[in-house]
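File shown here: my_file_39.cif, holding mmCIF, C-alpha atoms.
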```cif
data_start
loop_
_atom_site.group_PDB
_atom_site.id
_atom_site.type_symbol
_atom_site.label_atom_id
_atom_site.label_comp_id
_atom_site.auth_asym_id
_atom_site.auth_seq_id
_atom_site.Cartn_x
_atom_site.Cartn_y
_atom_site.Cartn_z
ATOM 1 C CA MET A 1 -100.879 -86.490 -50.274
ATOM 2 C CA LYS A 2 -99.819 -83.675 -52.571
ATOM 3 C CA ARG A 3 -96.341 -83.875 -54.013
ATOM 4 C CA ILE A 4 -94.176 -81.554 -56.042
ATOM 5 C CA PHE A 5 -93.453 -82.561 -59.636
ATOM 6 C CA CYS A 6 -90.323 -80.522 -60.245
ATOM 7 C CA LYS A 7 -87.383 -81.449 -62.440
ATOM 8 C CA GLY A 8 -85.500 -78.233 -62.219
ATOM 9 C CA LEU A 9 -86.097 -74.546 -62.311
ATOM 10 C CA LEU A 10 -88.179 -72.895 -65.043
ATOM 11 C CA THR A 11 -88.235 -70.651 -68.038
ATOM 12 C CA LEU A 12 -91.491 -69.437 -69.565
ATOM 13 C CA LEU A 13 -91.699 -66.422 -71.863
ATOM 14 C CA LEU A 14 -94.703 -64.102 -72.118
ATOM 15 C CA LEU A 15 -96.924 -61.593 -70.356
ATOM 16 C CA PHE A 16 -97.794 -58.178 -69.101
ATOM 17 C CA PRO A 17 -99.277 -57.883 -65.599
ATOM 18 C CA LEU A 18 -102.915 -56.986 -65.023
ATOM 19 C CA LEU A 19 -104.461 -56.592 -61.609
ATOM 20 C CA MET A 20 -107.556 -58.652 -61.226
ATOM 21 C CA GLY A 21 -109.584 -58.887 -58.055
ATOM 22 C CA GLY A 22 -112.295 -61.134 -59.460
ATOM 23 C CA PRO A 23 -113.374 -63.148 -62.508
ATOM 24 C CA ILE A 24 -113.536 -60.478 -65.215
ATOM 25 C CA GLU A 25 -112.116 -61.170 -68.681
ATOM 26 C CA ASP A 26 -108.708 -59.543 -68.973
ATOM 27 C CA ALA A 27 -106.991 -57.911 -71.917
ATOM 28 C CA VAL A 28 -103.572 -59.501 -71.402
ATOM 29 C CA LYS A 29 -102.122 -60.706 -74.688
ATOM 30 C CA ALA A 30 -99.384 -63.247 -75.247
ATOM 31 C CA ALA A 31 -95.954 -61.598 -75.322
ATOM 32 C CA PRO A 32 -92.388 -62.311 -74.180
ATOM 33 C CA ILE A 33 -92.002 -62.007 -70.427
ATOM 34 C CA SER A 34 -89.306 -60.279 -68.486
ATOM 35 C CA PRO A 35 -86.515 -62.018 -66.561
ATOM 36 C CA THR A 36 -88.137 -60.705 -63.365
ATOM 37 C CA LEU A 37 -91.323 -62.659 -64.020
ATOM 38 C CA LEU A 38 -89.287 -65.727 -64.942
ATOM 39 C CA ASP A 39 -87.504 -65.511 -61.601
ATOM 40 C CA SER A 40 -90.870 -65.259 -59.842
ATOM 41 C CA LEU A 41 -92.228 -68.291 -61.683
ATOM 42 C CA ARG A 42 -89.173 -70.264 -60.638
ATOM 43 C CA GLN A 43 -90.247 -69.735 -57.050
ATOM 44 C CA GLY A 44 -93.696 -71.195 -57.738
ATOM 45 C CA GLY A 45 -96.927 -69.845 -56.306
ATOM 46 C CA TYR A 46 -98.799 -69.476 -59.608
ATOM 47 C CA ILE A 47 -101.779 -71.211 -61.172
ATOM 48 C CA LEU A 48 -101.437 -72.384 -64.775
ATOM 49 C CA TYR A 49 -104.975 -72.592 -66.122
ATOM 50 C CA VAL A 50 -104.814 -74.668 -69.310
ATOM 51 C CA ARG A 51 -107.510 -75.324 -71.864
ATOM 52 C CA HIS A 52 -107.623 -78.897 -73.188
ATOM 53 C CA GLY A 53 -106.188 -79.778 -76.573
ATOM 54 C CA GLU A 54 -108.119 -79.697 -79.837
ATOM 55 C CA ALA A 55 -111.289 -81.764 -79.509
ATOM 56 C CA THR A 56 -113.074 -82.434 -82.793
ATOM 57 C CA THR A 57 -113.976 -86.110 -82.403
ATOM 58 C CA GLY A 58 -117.606 -86.793 -81.421
ATOM 59 C CA GLU A 59 -119.954 -84.323 -79.755
ATOM 60 C CA ASP A 60 -121.262 -83.519 -76.301
ATOM 61 C CA GLN A 61 -124.625 -85.219 -76.004
ATOM 62 C CA PRO A 62 -127.350 -83.737 -73.772
ATOM 63 C CA ASP A 63 -127.209 -86.809 -71.540
ATOM 64 C CA LEU A 64 -123.429 -87.264 -71.663
ATOM 65 C CA VAL A 65 -121.770 -89.552 -69.134
ATOM 66 C CA PHE A 66 -118.357 -88.421 -67.935
ATOM 67 C CA ASN A 67 -116.946 -91.956 -67.871
ATOM 68 C CA ASP A 68 -118.316 -92.736 -71.341
ATOM 69 C CA CYS A 69 -116.187 -90.914 -73.898
ATOM 70 C CA SER A 70 -118.549 -91.910 -76.713
ATOM 71 C CA THR A 71 -121.080 -89.402 -75.332
ATOM 72 C CA GLN A 72 -118.808 -86.361 -75.609
ATOM 73 C CA ARG A 73 -116.248 -84.488 -77.676
ATOM 74 C CA ASN A 74 -112.798 -86.041 -77.524
ATOM 75 C CA LEU A 75 -109.259 -85.077 -78.439
ATOM 76 C CA SER A 76 -108.345 -85.295 -82.084
ATOM 77 C CA ARG A 77 -104.948 -86.633 -83.122
ATOM 78 C CA VAL A 78 -103.797 -83.011 -83.167
ATOM 79 C CA GLY A 79 -105.125 -82.534 -79.643
ATOM 80 C CA GLU A 80 -103.279 -85.618 -78.436
ATOM 81 C CA ARG A 81 -100.026 -84.305 -79.886
ATOM 82 C CA GLN A 82 -100.671 -80.906 -78.344
ATOM 83 C CA ALA A 83 -101.097 -82.463 -74.903
ATOM 84 C CA ALA A 84 -97.924 -84.518 -75.202
ATOM 85 C CA ASP A 85 -95.998 -81.492 -76.493
ATOM 86 C CA PHE A 86 -97.256 -79.378 -73.603
ATOM 87 C CA GLY A 87 -96.055 -81.813 -70.963
ATOM 88 C CA ARG A 88 -92.734 -82.344 -72.714
ATOM 89 C CA THR A 89 -92.216 -78.572 -72.934
ATOM 90 C CA ILE A 90 -93.064 -78.030 -69.267
ATOM 91 C CA ARG A 91 -90.429 -80.618 -68.359
ATOM 92 C CA TYR A 92 -87.879 -79.140 -70.757
ATOM 93 C CA LEU A 93 -88.425 -75.710 -69.239
ATOM 94 C CA GLN A 94 -88.113 -77.271 -65.785
ATOM 95 C CA ILE A 95 -91.300 -75.719 -64.477
ATOM 96 C CA PRO A 96 -92.150 -76.963 -60.965
ATOM 97 C CA VAL A 97 -95.772 -78.090 -60.750
ATOM 98 C CA GLN A 98 -97.876 -79.325 -57.886
ATOM 99 C CA ILE A 99 -99.178 -82.875 -57.922
ATOM 100 C CA PRO A 100 -101.937 -83.782 -58.453
ATOM 101 C CA ILE A 101 -102.691 -81.975 -61.679
ATOM 102 C CA LEU A 102 -106.361 -81.002 -61.537
ATOM 103 C CA ALA A 103 -108.655 -81.773 -64.474
ATOM 104 C CA SER A 104 -112.295 -81.323 -65.327
ATOM 105 C CA PRO A 105 -114.169 -84.687 -65.519
ATOM 106 C CA PHE A 106 -114.613 -84.565 -69.305
ATOM 107 C CA CYS A 107 -112.624 -87.115 -71.306
ATOM 108 C CA ARG A 108 -110.844 -84.414 -73.317
ATOM 109 C CA THR A 109 -109.609 -82.600 -70.207
ATOM 110 C CA LYS A 110 -108.588 -85.769 -68.372
ATOM 111 C CA GLU A 111 -106.757 -87.105 -71.424
ATOM 112 C CA THR A 112 -104.962 -83.803 -71.983
ATOM 113 C CA ALA A 113 -103.692 -83.842 -68.409
ATOM 114 C CA GLN A 114 -102.766 -87.535 -68.546
ATOM 115 C CA LEU A 115 -100.893 -87.262 -71.848
ATOM 116 C CA ALA A 116 -99.016 -84.238 -70.534
ATOM 117 C CA PHE A 117 -98.142 -85.431 -67.024
ATOM 118 C CA GLY A 118 -99.008 -89.123 -66.680
ATOM 119 C CA GLN A 119 -102.205 -90.820 -65.580
ATOM 120 C CA GLY A 120 -101.044 -91.353 -62.019
ATOM 121 C CA TYR A 121 -100.476 -87.625 -61.527
ATOM 122 C CA VAL A 122 -103.978 -86.425 -62.442
ATOM 123 C CA GLN A 123 -106.939 -85.843 -60.159
ATOM 124 C CA VAL A 124 -110.453 -85.178 -61.464
ATOM 125 C CA ASP A 125 -112.079 -82.116 -59.898
ATOM 126 C CA PRO A 126 -115.859 -81.802 -60.531
ATOM 127 C CA PHE A 127 -115.755 -78.078 -59.780
ATOM 128 C CA TRP A 128 -114.592 -77.358 -63.332
ATOM 129 C CA ILE A 129 -117.873 -78.639 -64.788
ATOM 130 C CA ASN A 130 -119.147 -75.216 -63.731
ATOM 131 C CA ILE A 131 -116.871 -73.530 -66.279
ATOM 132 C CA TYR A 132 -118.237 -75.741 -69.053
ATOM 133 C CA ASN A 133 -121.759 -74.839 -67.920
ATOM 134 C CA LEU A 134 -121.031 -71.125 -68.344
ATOM 135 C CA GLY A 135 -121.387 -71.719 -72.070
ATOM 136 C CA GLY A 136 -125.033 -72.715 -71.582
ATOM 137 C CA HIS A 137 -128.144 -70.715 -70.840
ATOM 138 C CA LEU A 138 -127.700 -69.671 -67.232
ATOM 139 C CA SER A 139 -129.473 -66.976 -65.293
ATOM 140 C CA PRO A 140 -127.360 -63.976 -64.257
ATOM 141 C CA GLU A 141 -127.641 -65.171 -60.669
ATOM 142 C CA GLU A 142 -126.291 -68.631 -61.482
ATOM 143 C CA GLN A 143 -123.496 -67.200 -63.590
ATOM 144 C CA ASN A 144 -122.472 -64.880 -60.757
ATOM 145 C CA ARG A 145 -122.543 -67.787 -58.316
ATOM 146 C CA ILE A 146 -120.105 -69.725 -60.493
ATOM 147 C CA LEU A 147 -117.810 -66.745 -61.032
ATOM 148 C CA ASN A 148 -117.735 -65.943 -57.314
ATOM 149 C CA ALA A 149 -116.844 -69.564 -56.561
ATOM 150 C CA LEU A 150 -114.134 -69.368 -59.224
ATOM 151 C CA THR A 151 -112.575 -66.374 -57.505
ATOM 152 C CA LYS A 152 -112.360 -68.318 -54.245
ATOM 153 C CA VAL A 153 -110.549 -71.151 -56.033
ATOM 154 C CA LEU A 154 -108.121 -68.963 -57.967
ATOM 155 C CA GLU A 155 -107.119 -66.844 -54.974
ATOM 156 C CA LYS A 156 -105.752 -69.881 -53.085
ATOM 157 C CA GLU A 157 -101.958 -69.947 -53.171
ATOM 158 C CA PRO A 158 -100.113 -73.167 -54.137
ATOM 159 C CA PRO A 159 -97.361 -74.381 -51.797
ATOM 160 C CA VAL A 160 -93.963 -72.718 -51.948
ATOM 161 C CA GLY A 161 -91.884 -73.935 -54.871
ATOM 162 C CA ALA A 162 -94.770 -75.259 -56.971
ATOM 163 C CA ASN A 163 -97.314 -74.064 -59.520
ATOM 164 C CA GLN A 164 -100.825 -75.529 -59.649
ATOM 165 C CA VAL A 165 -101.894 -76.784 -63.080
ATOM 166 C CA ILE A 166 -105.598 -76.918 -63.909
ATOM 167 C CA VAL A 167 -106.751 -78.468 -67.205
ATOM 168 C CA SER A 168 -110.251 -77.308 -67.971
ATOM 169 C CA HIS A 169 -112.337 -75.377 -70.497
ATOM 170 C CA SER A 170 -112.499 -72.030 -72.223
ATOM 171 C CA PHE A 171 -114.879 -69.347 -70.975
ATOM 172 C CA PRO A 172 -117.495 -67.508 -73.016
ATOM 173 C CA GLN A 173 -116.124 -64.313 -74.516
ATOM 174 C CA GLY A 174 -116.294 -61.493 -71.988
ATOM 175 C CA VAL A 175 -116.834 -63.835 -69.051
ATOM 176 C CA GLY A 176 -114.349 -65.003 -66.419
ATOM 177 C CA LEU A 177 -110.941 -65.631 -67.997
ATOM 178 C CA GLY A 178 -112.428 -65.133 -71.450
ATOM 179 C CA ASP A 179 -111.897 -67.114 -74.624
ATOM 180 C CA ILE A 180 -108.881 -69.448 -74.396
ATOM 181 C CA PRO A 181 -107.526 -71.187 -77.529
ATOM 182 C CA ASN A 182 -106.822 -74.926 -77.513
ATOM 183 C CA LEU A 183 -103.891 -75.844 -75.243
ATOM 184 C CA SER A 184 -103.242 -72.224 -74.277
ATOM 185 C CA THR A 185 -102.389 -71.226 -70.727
ATOM 186 C CA VAL A 186 -103.582 -68.364 -68.546
ATOM 187 C CA ILE A 187 -101.046 -67.619 -65.813
ATOM 188 C CA ILE A 188 -102.582 -66.464 -62.555
ATOM 189 C CA LYS A 189 -101.022 -65.138 -59.362
ATOM 190 C CA PRO A 190 -103.254 -65.891 -56.362
ATOM 191 C CA LYS A 191 -103.256 -63.238 -53.641
ATOM 192 C CA GLY A 192 -104.653 -65.380 -50.852
ATOM 193 C CA PRO A 193 -108.177 -66.074 -49.504
ATOM 194 C CA GLY A 194 -110.393 -63.036 -49.731
ATOM 195 C CA LYS A 195 -107.783 -61.025 -51.653
ATOM 196 C CA GLY A 196 -108.515 -62.045 -55.224
ATOM 197 C CA TYR A 197 -105.984 -62.881 -57.902
ATOM 198 C CA GLU A 198 -103.965 -61.323 -60.701
ATOM 199 C CA VAL A 199 -103.846 -62.513 -64.298
ATOM 200 C CA VAL A 200 -100.243 -61.918 -65.332
ATOM 201 C CA GLY A 201 -100.496 -63.215 -68.868
ATOM 202 C CA ARG A 202 -101.321 -65.807 -71.486
ATOM 203 C CA VAL A 203 -99.190 -68.068 -73.645
ATOM 204 C CA ASP A 204 -100.197 -70.399 -76.452
ATOM 205 C CA LEU A 205 -98.540 -73.744 -77.092
ATOM 206 C CA ALA A 206 -96.490 -72.588 -80.087
ATOM 207 C CA GLU A 207 -95.017 -69.697 -78.090
ATOM 208 C CA LEU A 208 -94.266 -72.015 -75.201
ATOM 209 C CA MET A 209 -92.501 -74.519 -77.442
ATOM 210 C CA ASN A 210 -90.375 -71.790 -79.040
ATOM 211 C CA ILE A 211 -88.745 -70.910 -75.745
ATOM 212 C CA ARG A 212 -85.156 -72.079 -75.451
ATOM 213 C CA ILE A 213 -83.124 -72.321 -72.290
ATOM 214 C CA PRO A 214 -79.707 -70.663 -72.781
#
```

Represent the structure of the file as structure tokens.
Amino acid sequence: MKRIFCKGLLTLLLLFPLLMGGPIEDAVKAAPISPTLLDSLRQGGYILYVRHGEATTGEDQPDLVFNDCSTQRNLSRVGERQAADFGRTIRYLQIPVQIPILASPFCRTKETAQLAFGQGYVQVDPFWINIYNLGGHLSPEEQNRILNALTKVLEKEPPVGANQVIVSHSFPQGVGLGDIPNLSTVIIKPKGPGKGYEVVGRVDLAELMNIRIP
């Protein structure tokens, strides 16, 4: 059963809106957001798409096993701190998030989500392996299949009063949501099934942590 992880209201500063009906890299840059957007975020209904923390330990082997972290890149000490800081900042800002937090099956994405929100609040979603695969050598047809499936996922609205958090991977430059720095967040407003979604902005961890509630 899905629950709401919400310890208050919310404050999150950044963004300029950009209409987006499908998975095309946007040009939204991190910037302070308006009080109007803050009020909207307090009502929930957004998707926070988060790239995992810095991962410089090990490497992704061709025959990697998702449950064997020795076969893949893992969070560095910096990445672990980033994940913990992210979760602590989300709680400080009192951002309501939907439980479970969704994470790609890779160790670095699962650990980022678990360090941020707690192991018992994270659910592995194999769909996000597709985003990792976009960085490989795919045919245009396969890439389009993944991006079309992504649109269907990102246009689904979270329940009232909550924001869905997804911890996954960056995209290749010019594809989907584009390049995403470590532990940065793309904020998405779903429009409902068949209606696409809107990318309303991006925020990196340092910007997020600099926000102060009056």

- Task: Could you list the residues chosen by the PyMOL selection byres ((chain A and resi 155) around 7) in this structure as a ChimeraX atom specification?
- Result: /A:151-154,156-157,190-193,195-197

- Out of A:Ile90, A:Leu134, A:Val124, A:Val97, which residue has the shortest atom-to-atom distance to Gly161 in chain A when counting all atoms listed in the file? A:Val97

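CA of Ile131 in chain A is positioned 19.7 Å from CA of Tyr46 in chain A.
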
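Across the chains present, the PyMOL selection byres ((chain A and resi 164) around 6) applied to this file returns A:Ile47, A:Val97, A:Gln98, A:Asn163, A:Val165.
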
Export of prior selection with C-alpha atoms as a short mmCIF file (atom, residue, chain, number, x, y, z; two decimals), keeping the file's coordinate frame:
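Writing done, so here's out-v5.cif:
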```
data_model
loop_
_atom_site.label_atom_id
_atom_site.label_comp_id
_atom_site.auth_asym_id
_atom_site.auth_seq_id
_atom_site.Cartn_x
_atom_site.Cartn_y
_atom_site.Cartn_z
CA ILE A 47 -101.78 -71.21 -61.17
CA VAL A 97 -95.77 -78.09 -60.75
CA GLN A 98 -97.88 -79.32 -57.89
CA ASN A 163 -97.31 -74.06 -59.52
CA VAL A 165 -101.89 -76.78 -63.08
#
```

- Item | Selection result for the PyMOL selection byres ((chain A and resi 167) around 12) on this file, as a VMD selection string | chain A and resid 47 to 53 83 86 to 87 100 to 117 122 to 129 131 to 132 164 to 166 168 to 170 180 182 to 186

Would you kindly identify which residues have an atom no farther than 12 Å from (-119.0, -93.0, -77.2), using all atoms listed in the file and the file's own coordinates, and write them out as a PDB file with C-alpha atoms, keeping the file's coordinate frame?
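For reference, selection14.pdb as written:
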```pdb
ATOM      1  CA  THR A  57    -113.976 -86.110 -82.403  1.00  0.00           C
ATOM      2  CA  GLY A  58    -117.606 -86.793 -81.421  1.00  0.00           C
ATOM      3  CA  GLU A  59    -119.954 -84.323 -79.755  1.00  0.00           C
ATOM      4  CA  ASP A  60    -121.262 -83.519 -76.301  1.00  0.00           C
ATOM      5  CA  GLN A  61    -124.625 -85.219 -76.004  1.00  0.00           C
ATOM      6  CA  ASP A  63    -127.209 -86.809 -71.540  1.00  0.00           C
ATOM      7  CA  LEU A  64    -123.429 -87.264 -71.663  1.00  0.00           C
ATOM      8  CA  VAL A  65    -121.770 -89.552 -69.134  1.00  0.00           C
ATOM      9  CA  PHE A  66    -118.357 -88.421 -67.935  1.00  0.00           C
ATOM     10  CA  ASN A  67    -116.946 -91.956 -67.871  1.00  0.00           C
ATOM     11  CA  ASP A  68    -118.316 -92.736 -71.341  1.00  0.00           C
ATOM     12  CA  CYS A  69    -116.187 -90.914 -73.898  1.00  0.00           C
ATOM     13  CA  SER A  70    -118.549 -91.910 -76.713  1.00  0.00           C
ATOM     14  CA  THR A  71    -121.080 -89.402 -75.332  1.00  0.00           C
ATOM     15  CA  GLN A  72    -118.808 -86.361 -75.609  1.00  0.00           C
ATOM     16  CA  ARG A  73    -116.248 -84.488 -77.676  1.00  0.00           C
ATOM     17  CA  ASN A  74    -112.798 -86.041 -77.524  1.00  0.00           C
ATOM     18  CA  CYS A 107    -112.624 -87.115 -71.306  1.00  0.00           C
TER      19      CYS A 107
END
```

- Counting only C-alpha atoms, the residue among A:Ile99, A:Lys189, A:Gly135, A:Leu208 that lies closest to Asp85 in chain A is A:Leu208

- Item | Residue with smallest distance to Gly136 in chain A - pool A:Gly44, A:Pro159, A:Gly178, A:Pro62, counting only C-alpha atoms |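 With only C-alpha atoms as the atom set, the closest residue is A:Pro62.
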
- Find, counting all atoms listed in the file, the residue in A:Gly120, A:Gly79, A:Gly201, A:Gly194 that gets nearest to Ala149 in chain A.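 That would be A:Gly194, the residue with the smallest distance to Ala149 in chain A.
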
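Using only C-alpha atoms for every distance, the candidate list A:Val200, A:Leu41, A:Ile188, A:Leu205 yields A:Leu205 as the residue closest to Glu54 in chain A.
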
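Between CA of Asn133 in chain A and CA of Val78 in chain A the separation is 24.9 Å.
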
- Query: Out of A:Asn210, A:Ser40, A:Gln143, A:Thr56, which residue has the shortest atom-to-atom distance to Ser76 in chain A when counting all atoms listed in the file?
  - Reply: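 When distances to Ser76 in chain A are compared using all atoms listed in the file, the smallest one comes from A:Thr56.
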